[in-house]
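What follows is the content of run_30.txt (compact mmCIF, C-alpha atoms).
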```txt
# COMPACT_ATOMS: atom_id res chain seq x y z
CA MET A 5 89.58 81.52 60.78
CA ALA A 6 88.55 83.67 63.69
CA GLU A 7 86.66 81.94 66.46
CA SER A 8 83.59 83.69 67.88
CA ALA A 9 81.55 83.22 71.01
CA ALA A 10 78.27 83.54 69.14
CA SER A 11 77.08 83.91 65.57
CA SER A 12 75.29 87.29 65.62
CA SER A 13 74.38 90.18 67.86
CA LYS A 14 70.69 89.20 67.67
CA GLN A 15 71.45 85.98 69.55
CA ILE A 16 73.01 87.82 72.48
CA PRO A 17 70.82 89.19 75.30
CA SER A 18 71.11 92.93 75.88
CA GLU A 19 71.35 92.65 79.66
CA VAL A 20 74.73 92.82 81.33
CA PRO A 21 75.16 90.02 83.92
CA THR A 22 75.40 91.11 87.53
CA SER A 23 78.39 88.86 88.22
CA SER A 24 81.40 87.81 86.20
CA PRO A 25 81.23 84.50 84.35
CA ALA A 26 83.43 82.00 86.11
CA GLY A 27 86.22 80.45 84.15
CA SER A 28 86.36 77.46 86.46
CA SER A 29 84.25 76.42 89.42
CA ASP A 30 87.44 75.20 91.12
CA GLY A 31 89.10 78.65 91.01
CA PRO A 32 92.08 79.91 88.98
CA ASP A 33 94.51 77.47 87.43
CA PRO A 34 98.01 78.95 87.92
CA ASN A 35 99.54 76.51 85.43
CA LEU A 36 97.71 77.90 82.42
CA ALA A 37 99.35 80.37 80.02
CA PRO A 38 98.83 83.99 81.13
CA SER A 39 96.46 86.46 79.52
CA VAL A 40 97.81 89.95 78.84
CA ILE A 41 95.28 92.82 78.79
CA VAL A 42 96.70 95.74 76.80
CA LEU A 43 95.39 99.18 77.86
CA GLY A 44 96.41 102.74 77.05
CA MET A 45 95.24 106.18 75.97
CA ALA A 46 93.91 106.68 72.45
CA GLY A 47 96.83 106.98 70.04
CA SER A 48 99.38 105.45 72.41
CA GLY A 49 100.00 102.57 69.99
CA LYS A 50 98.13 99.69 71.70
CA THR A 51 97.19 97.90 68.49
CA SER A 52 100.66 98.47 66.99
CA PHE A 53 102.17 97.11 70.20
CA VAL A 54 99.95 94.00 70.01
CA GLN A 55 100.91 93.55 66.35
CA ARG A 56 104.65 93.80 67.10
CA LEU A 57 104.47 91.48 70.11
CA THR A 58 102.46 88.96 68.08
CA ALA A 59 104.97 89.12 65.21
CA HIS A 60 107.85 88.73 67.68
CA LEU A 61 106.32 85.56 69.11
CA HIS A 62 105.58 84.20 65.62
CA ALA A 63 109.25 84.76 64.74
CA LYS A 64 110.15 82.65 67.78
CA LYS A 65 107.83 79.87 66.48
CA THR A 66 105.60 80.35 69.54
CA PRO A 67 102.50 82.10 68.18
CA PRO A 68 100.19 83.58 70.83
CA TYR A 69 96.41 83.41 71.10
CA VAL A 70 95.02 86.84 70.22
CA VAL A 71 91.68 88.41 71.17
CA ASN A 72 90.37 91.68 69.73
CA LEU A 73 87.87 93.56 71.92
CA ASP A 74 87.62 96.71 69.79
CA PRO A 75 84.31 96.55 67.90
CA ALA A 76 84.91 99.81 66.03
CA VAL A 77 88.26 99.01 64.41
CA ARG A 78 88.04 98.54 60.65
CA LYS A 79 91.08 96.34 60.24
CA VAL A 80 93.45 94.61 62.66
CA PRO A 81 97.09 94.28 61.58
CA TYR A 82 97.62 90.90 63.25
CA PRO A 83 96.12 87.40 63.01
CA VAL A 84 93.22 87.30 65.46
CA ASN A 85 91.74 84.15 66.99
CA ILE A 86 88.70 85.66 68.71
CA ASP A 87 87.24 88.87 67.30
CA ILE A 88 84.37 90.81 68.90
CA ARG A 89 83.40 91.96 65.40
CA ASP A 90 82.40 88.41 64.49
CA THR A 91 79.89 88.46 67.34
CA VAL A 92 78.63 92.04 67.55
CA LYS A 93 78.19 94.38 64.58
CA TYR A 94 79.22 97.84 65.75
CA LYS A 95 77.36 99.87 63.10
CA GLN A 96 74.28 97.73 63.53
CA VAL A 97 74.34 98.48 67.26
CA MET A 98 74.59 102.23 66.52
CA THR A 99 71.57 102.07 64.20
CA GLU A 100 69.43 99.71 66.26
CA TYR A 101 69.85 101.53 69.59
CA GLY A 102 70.32 105.08 68.24
CA LEU A 103 73.75 105.48 69.83
CA GLY A 104 76.85 107.54 69.13
CA PRO A 105 80.34 106.06 68.61
CA ASN A 106 81.30 105.73 72.30
CA GLY A 107 77.86 104.51 73.36
CA ALA A 108 77.96 101.87 70.64
CA ILE A 109 81.38 100.65 71.82
CA LEU A 110 80.09 100.33 75.39
CA THR A 111 76.94 98.52 74.27
CA SER A 112 78.93 96.18 72.01
CA LEU A 113 81.17 95.26 74.96
CA ASN A 114 78.08 94.74 77.15
CA LEU A 115 76.60 92.39 74.57
CA PHE A 116 79.87 90.51 74.11
CA CYS A 117 80.59 90.01 77.80
CA THR A 118 77.30 88.14 78.28
CA ARG A 119 78.98 85.30 76.39
CA PHE A 120 82.48 85.79 77.71
CA ASP A 121 82.34 82.44 79.51
CA LYS A 122 82.62 80.88 76.03
CA VAL A 123 85.73 82.98 75.36
CA ILE A 124 87.24 81.75 78.64
CA GLU A 125 86.58 78.16 77.57
CA LEU A 126 88.36 78.74 74.24
CA ILE A 127 91.34 80.43 75.94
CA ARG A 128 91.67 77.61 78.48
CA ALA A 129 91.41 74.99 75.74
CA ARG A 130 94.31 76.60 73.78
CA SER A 131 96.41 77.35 76.85
CA SER A 132 98.55 74.24 76.55
CA THR A 133 99.60 75.10 72.99
CA VAL A 134 100.35 78.86 73.27
CA PRO A 135 102.80 80.88 75.41
CA LEU A 136 100.22 83.56 76.26
CA THR A 137 96.94 85.19 75.25
CA ILE A 138 97.07 88.84 74.14
CA ILE A 139 93.91 90.93 74.51
CA ASP A 140 93.64 94.18 72.55
CA THR A 141 91.12 96.66 73.99
CA PRO A 142 89.14 99.57 72.46
CA GLY A 143 90.94 102.76 71.50
CA GLN A 144 88.86 104.77 73.98
CA ILE A 145 90.38 103.54 77.23
CA GLU A 146 87.46 104.62 79.44
CA ALA A 147 85.09 102.40 77.43
CA PHE A 148 86.89 99.40 78.91
CA THR A 149 88.46 100.44 82.21
CA TRP A 150 85.44 102.29 83.66
CA SER A 151 82.59 100.16 82.29
CA ALA A 152 80.77 97.24 83.89
CA SER A 153 81.66 95.01 80.94
CA GLY A 154 85.38 95.83 81.25
CA THR A 155 85.29 94.90 84.95
CA ILE A 156 83.41 91.67 84.21
CA ILE A 157 85.87 90.65 81.49
CA THR A 158 88.92 91.46 83.63
CA GLU A 159 87.58 89.60 86.68
CA ALA A 160 86.51 86.64 84.57
CA LEU A 161 90.05 86.27 83.21
CA ALA A 162 91.69 86.76 86.61
CA SER A 163 89.40 84.18 88.24
CA SER A 164 90.34 81.62 85.57
CA HIS A 165 94.13 81.83 85.05
CA PRO A 166 97.14 84.17 85.41
CA THR A 167 96.27 87.65 84.12
CA VAL A 168 98.57 90.62 83.57
CA VAL A 169 97.70 94.25 82.75
CA VAL A 170 99.97 96.26 80.43
CA TYR A 171 99.56 100.02 80.24
CA VAL A 172 100.99 101.49 77.01
CA CYS A 173 102.21 105.08 77.30
CA ASP A 174 103.04 107.35 74.35
CA SER A 175 106.61 108.50 75.03
CA ALA A 176 106.44 111.33 72.49
CA ARG A 177 103.44 112.94 74.19
CA ALA A 178 104.72 112.24 77.69
CA THR A 179 107.61 114.71 77.23
CA ALA A 180 105.22 117.34 78.60
CA PRO A 181 105.20 116.94 82.41
CA ALA A 182 101.42 117.51 82.64
CA THR A 183 100.72 114.79 80.05
CA PHE A 184 103.17 112.45 81.76
CA MET A 185 101.38 113.01 85.08
CA SER A 186 97.99 112.33 83.45
CA ASN A 187 99.28 108.99 82.16
CA MET A 188 100.72 108.05 85.54
CA LEU A 189 97.46 108.92 87.32
CA TYR A 190 95.53 106.76 84.88
CA ALA A 191 98.01 103.92 85.30
CA CYS A 192 97.74 104.19 89.09
CA SER A 193 93.94 104.13 88.97
CA ILE A 194 93.96 101.02 86.76
CA LEU A 195 96.40 99.25 89.08
CA TYR A 196 94.28 99.86 92.18
CA ARG A 197 91.03 99.15 90.33
CA THR A 198 92.09 95.76 88.94
CA LYS A 199 94.52 94.77 91.74
CA LEU A 200 96.34 92.63 89.16
CA PRO A 201 100.04 92.37 88.27
CA PHE A 202 100.81 95.45 86.22
CA PHE A 203 103.59 97.16 84.29
CA VAL A 204 103.99 100.22 82.07
CA VAL A 205 105.34 100.11 78.52
CA PHE A 206 106.84 103.35 77.23
CA ASN A 207 106.11 102.97 73.52
CA LYS A 208 107.48 104.91 70.51
CA ALA A 209 111.06 104.87 71.79
CA ASP A 210 112.13 105.30 68.14
CA ILE A 211 110.68 108.84 68.24
CA VAL A 212 111.64 109.95 71.76
CA ARG A 213 113.85 107.99 74.14
CA PRO A 214 111.72 107.75 77.33
CA THR A 215 114.63 107.62 79.75
CA PHE A 216 113.45 111.07 80.90
CA ALA A 217 110.23 109.47 82.17
CA GLN A 218 112.10 106.87 84.18
CA ARG A 219 114.24 109.62 85.71
CA TRP A 220 111.14 111.62 86.63
CA MET A 221 109.73 108.57 88.42
CA THR A 222 112.82 108.09 90.56
CA ASP A 223 114.05 111.67 91.02
CA PHE A 224 111.53 114.31 92.10
CA GLU A 225 114.06 117.11 91.59
CA ARG A 226 114.39 116.25 87.89
CA PHE A 227 110.60 116.31 87.50
CA ASP A 228 110.40 119.61 89.37
CA GLU A 229 112.99 121.13 87.02
CA ALA A 230 110.97 119.98 84.01
CA LEU A 231 107.86 121.58 85.50
CA GLU A 232 109.67 124.88 85.95
CA ASP A 233 110.83 124.80 82.34
CA SER A 234 107.28 124.17 81.09
CA ARG A 235 105.88 127.28 82.85
CA GLY A 236 102.47 125.75 83.38
CA GLY A 237 101.36 127.98 86.26
CA TYR A 238 98.70 126.47 88.53
CA SER A 239 98.93 123.08 86.80
CA ASN A 240 102.60 122.89 87.84
CA ASP A 241 101.67 123.08 91.52
CA LEU A 242 99.09 120.35 91.04
CA ALA A 243 101.50 118.11 89.11
CA ARG A 244 104.20 118.67 91.75
CA SER A 245 101.83 117.61 94.55
CA LEU A 246 100.61 114.59 92.60
CA SER A 247 104.18 113.48 91.93
CA LEU A 248 104.84 113.32 95.67
CA VAL A 249 101.59 111.41 96.20
CA LEU A 250 102.54 108.87 93.52
CA ASP A 251 106.00 108.25 94.97
CA GLU A 252 104.91 104.98 96.58
CA PHE A 253 103.24 103.91 93.33
CA TYR A 254 106.49 104.51 91.43
CA CYS A 255 108.54 102.41 93.89
CA GLY A 256 106.99 99.07 92.94
CA LEU A 257 106.18 99.87 89.32
CA LYS A 258 107.81 97.89 86.50
CA THR A 259 108.57 99.83 83.31
CA VAL A 260 109.76 98.69 79.89
CA ILE A 261 111.06 100.84 77.02
CA CYS A 262 110.00 99.60 73.61
CA SER A 263 109.13 100.57 70.06
CA ALA A 264 106.24 98.94 68.22
CA LEU A 265 107.74 100.21 64.97
CA THR A 266 111.26 98.75 65.27
CA GLY A 267 110.56 95.87 67.67
CA GLU A 268 112.97 97.17 70.30
CA GLY A 269 112.29 95.91 73.82
CA MET A 270 110.00 92.98 72.96
CA ASP A 271 112.16 90.48 74.85
CA GLU A 272 112.05 92.77 77.88
CA VAL A 273 108.26 92.89 77.57
CA LEU A 274 108.12 89.08 77.61
CA SER A 275 110.38 89.02 80.68
CA ALA A 276 108.08 91.52 82.44
CA ILE A 277 105.05 89.36 81.58
CA SER A 278 106.81 86.32 83.03
CA GLU A 279 107.63 88.21 86.26
CA CYS A 280 104.06 89.46 86.57
CA SER A 281 102.71 85.95 86.00
CA GLN A 282 104.79 84.74 88.92
CA GLN A 283 103.55 87.70 90.95
CA TYR A 284 99.99 86.58 90.16
CA ARG A 285 100.76 83.14 91.58
CA ASP A 286 102.59 84.45 94.66
CA GLN A 287 100.35 87.40 95.60
CA TYR A 288 97.03 87.39 93.76
CA LEU A 289 96.12 83.73 94.29
CA PRO A 290 96.41 83.84 98.12
CA LEU A 291 94.35 87.05 98.12
CA TYR A 292 91.77 85.43 95.84
CA ALA A 293 91.57 82.39 98.14
CA GLN A 294 90.99 84.68 101.14
CA MET A 295 88.28 86.61 99.33
CA ARG A 296 86.61 83.40 98.20
CA ALA A 297 86.68 81.94 101.71
CA LYS A 298 85.28 85.18 103.14
CA LYS A 299 82.49 85.21 100.57
CA ALA A 300 81.66 81.56 101.32
CA GLU A 301 81.57 82.35 105.04
CA GLU A 302 79.26 85.32 104.44
CA THR A 303 77.00 83.16 102.26
CA LEU A 304 76.76 80.46 104.93
CA LYS A 305 76.06 83.10 107.57
CA LYS A 306 73.29 84.59 105.45
CA LEU A 307 71.75 81.16 104.81
CA LYS A 308 71.84 80.39 108.53
CA GLU A 309 70.17 83.70 109.34
CA GLU A 310 67.46 82.99 106.77
CA GLU A 311 66.98 79.47 108.17
CA ASP A 312 66.77 80.82 111.74
CA SER A 313 64.26 83.44 110.59
CA LYS A 314 62.12 80.77 108.92
CA MET A 315 62.30 78.58 112.02
CA GLY A 316 61.27 81.57 114.15
CA ASP A 317 58.31 82.25 111.89
CA LEU A 318 57.35 78.56 111.98
CA THR A 319 57.55 78.50 115.79
CA SER A 320 55.34 81.60 115.98
CA ASP A 321 52.81 79.97 113.65
CA VAL A 322 52.74 76.79 115.78
CA ARG A 323 52.25 78.80 118.96
CA ALA A 324 49.44 80.79 117.36
CA LEU A 325 47.81 77.54 116.24
CA ASP A 326 48.06 76.07 119.77
CA VAL A 327 46.51 79.21 121.26
CA GLY A 328 43.68 79.00 118.75
CA LYS A 329 43.01 75.37 119.65
CA VAL A 330 42.88 76.20 123.38
CA ARG A 331 40.38 79.00 122.73
CA ASP A 332 38.22 76.69 120.61
CA SER A 333 38.21 74.03 123.36
CA ASP A 334 37.25 76.65 125.98
CA ASP A 335 34.37 77.85 123.82
CA GLU A 336 33.06 74.29 123.42
CA SER A 337 33.23 73.61 127.17
CA GLU A 338 31.18 76.72 127.85
```
Please lay out the structure from this file as structure tokens.
Amino acid sequence: MAESAASSSKQIPSEVPTSSPAGSSDGPDPNLAPSVIVLGMAGSGKTSFVQRLTAHLHAKKTPPYVVNLDPAVRKVPYPVNIDIRDTVKYKQVMTEYGLGPNGAILTSLNLFCTRFDKVIELIRARSSTVPLTIIDTPGQIEAFTWSASGTIITEALASSHPTVVVYVCDSARATAPATFMSNMLYACSILYRTKLPFFVVFNKADIVRPTFAQRWMTDFERFDEALEDSRGGYSNDLARSLSLVLDEFYCGLKTVICSALTGEGMDEVLSAISECSQQYRDQYLPLYAQMRAKKAEETLKKLKEEEDSKMGDLTSDVRALDVGKVRDSDDESE
């Protein structure tokens, strides 16, 4: 049975919290099983990828913990442990707030993230019995990556335990250089926005072998030739310039070729998740500790300034009182 963070949308406040719910007051626990946030353009095969990865782990007798964050999906093809649809009713949100499809998805995520601390508690409680937690996100990628609720959910996970971001790319569509560049720009923006361990999965390898994409990432001349063949005009010049800009991004980027249909590459995906989990421990945790120490220092500095300000006001009040007493005594003597 699916576990939910609350029983109905009516029980959830409509305000989005201004800060992310903390998974642990003591900071992240690097020994917990990692959470994997699956992102990608609409139609890239995110849900199929989650289904195949879940089935692969079940076949290994190590079933994962699965969270569905898409409130608009009618049916999920995998066993889900926590489902946003059990907490927030998408169609009810559309009717109650007079919203369209995308607005209802955003509002549903906003409602759900107000109770995401309960989800963190459930994930941490199951961490010792599962190899990882897989989180499937809405089909409309911008509803998660560029919303306040998506940021809150991502930061809440990262501040609790190892968290990895997987960007799923549609290999069949990426054969067009302009579409490939659009995907890479989106992947780059997600990497720098989340600052979390990250890798790209080239899905649908059963349709088109994405070795061309890996060549384009390492050999600018190959990409330039593909641009010339596409005859895109002005867009070619833009894509050519962007490719040079993204060269540094490509250097440290992990990529995996897989097929959600055939199951090809799933072991490589698990290896990439393991490497990224170690990267979280080696790189993200020290950065998190620095940020936390800096924030604590700024908080103490602010408290001290407020205390000094109050003391200054109190001293001024005392001086004013003393002056008043002197004037009163002078008046009486006269």
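Between atom CA of A:Thr137 and atom CA of A:Val71 lies a distance of 7.4 Å.
Among the candidates A:Arg89, A:Lys306, A:Arg56, A:Arg213, the residue lying nearest to A:Leu73 is A:Arg89 (atoms considered: all atoms listed in the file).
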Pick out the residues sitting within 9 Å of A:Tyr292, and hand them over as number ranges by chain; count only C-alpha atoms, and ignore anything fewer than 5 positions along from it in its own chain. A: 31-32, 163, 287, 297
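When atom CA of A:Pro201 is paired with atom CA of A:Val169, their separation reads 6.3 Å.
Proximity to A:Asn106 was assessed for A:Val70, A:Met295, A:Ile88, A:Ile145 counting all atoms listed in the file; the smallest distance is recorded for A:Ile145.
Our summary of the geometry notes that atom CA of A:Asp286 is positioned 11.7 Å from atom CA of A:Leu200.
Proximity of A:Leu126, A:Ile86, A:Val172, A:Val134 to A:Gly47, computed with all atoms listed in the file, is greatest for A:Val172.
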Taking all atoms listed in the file into account, which of A:Tyr284, A:Ser186, A:Leu110, A:Tyr171 comes nearest A:Asn35? A:Tyr284
Of A:Ser112, A:Thr179, A:Ser263, A:Ser151, the one nearest to A:Asp233 when counting all atoms listed in the file is A:Thr179
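With all atoms listed in the file as the atoms that count, the minimum distance from A:Ser39 to the choices A:Ala230, A:Ser278, A:Lys122, A:Pro105 is reached by A:Ser278.
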Edge lengths and centre, in Å to one decimal, as lines of an AutoDock Vina configuration file: that's what I need for the box along x, y and z that holds all listed atoms of stretch 218-229 of chain A plus 6 Å on each side.
```
center_x = 112.1
center_y = 114.0
center_z = 88.1
size_x = 16.7
size_y = 26.3
size_z = 19.9
```
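Excluding A:Val84 and any residue on its chain fewer than 3 positions from it, the residues at most 12 Å away by only C-alpha atoms are Met5, Ala6, Glu7, Ser8, Thr51, Val54, Gln55, Thr58, Ala59, Pro67, Pro68, Tyr69, Val70, Val71, Asn72, Leu73, Asp74, Lys79, Val80, Pro81, Asp87, Ile88, Arg89, Asp90, Thr137, Ile138, Ile139 and Asp140 of chain A.
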Need to verify the contact set: A:Ser239, 12 Å, only C-alpha atoms, exclusion of same-chain residues closer than 2 positions in sequence. Can you return it as a ChimeraX atom specification? /A:180-183,185-186,231-232,234-237,241-246
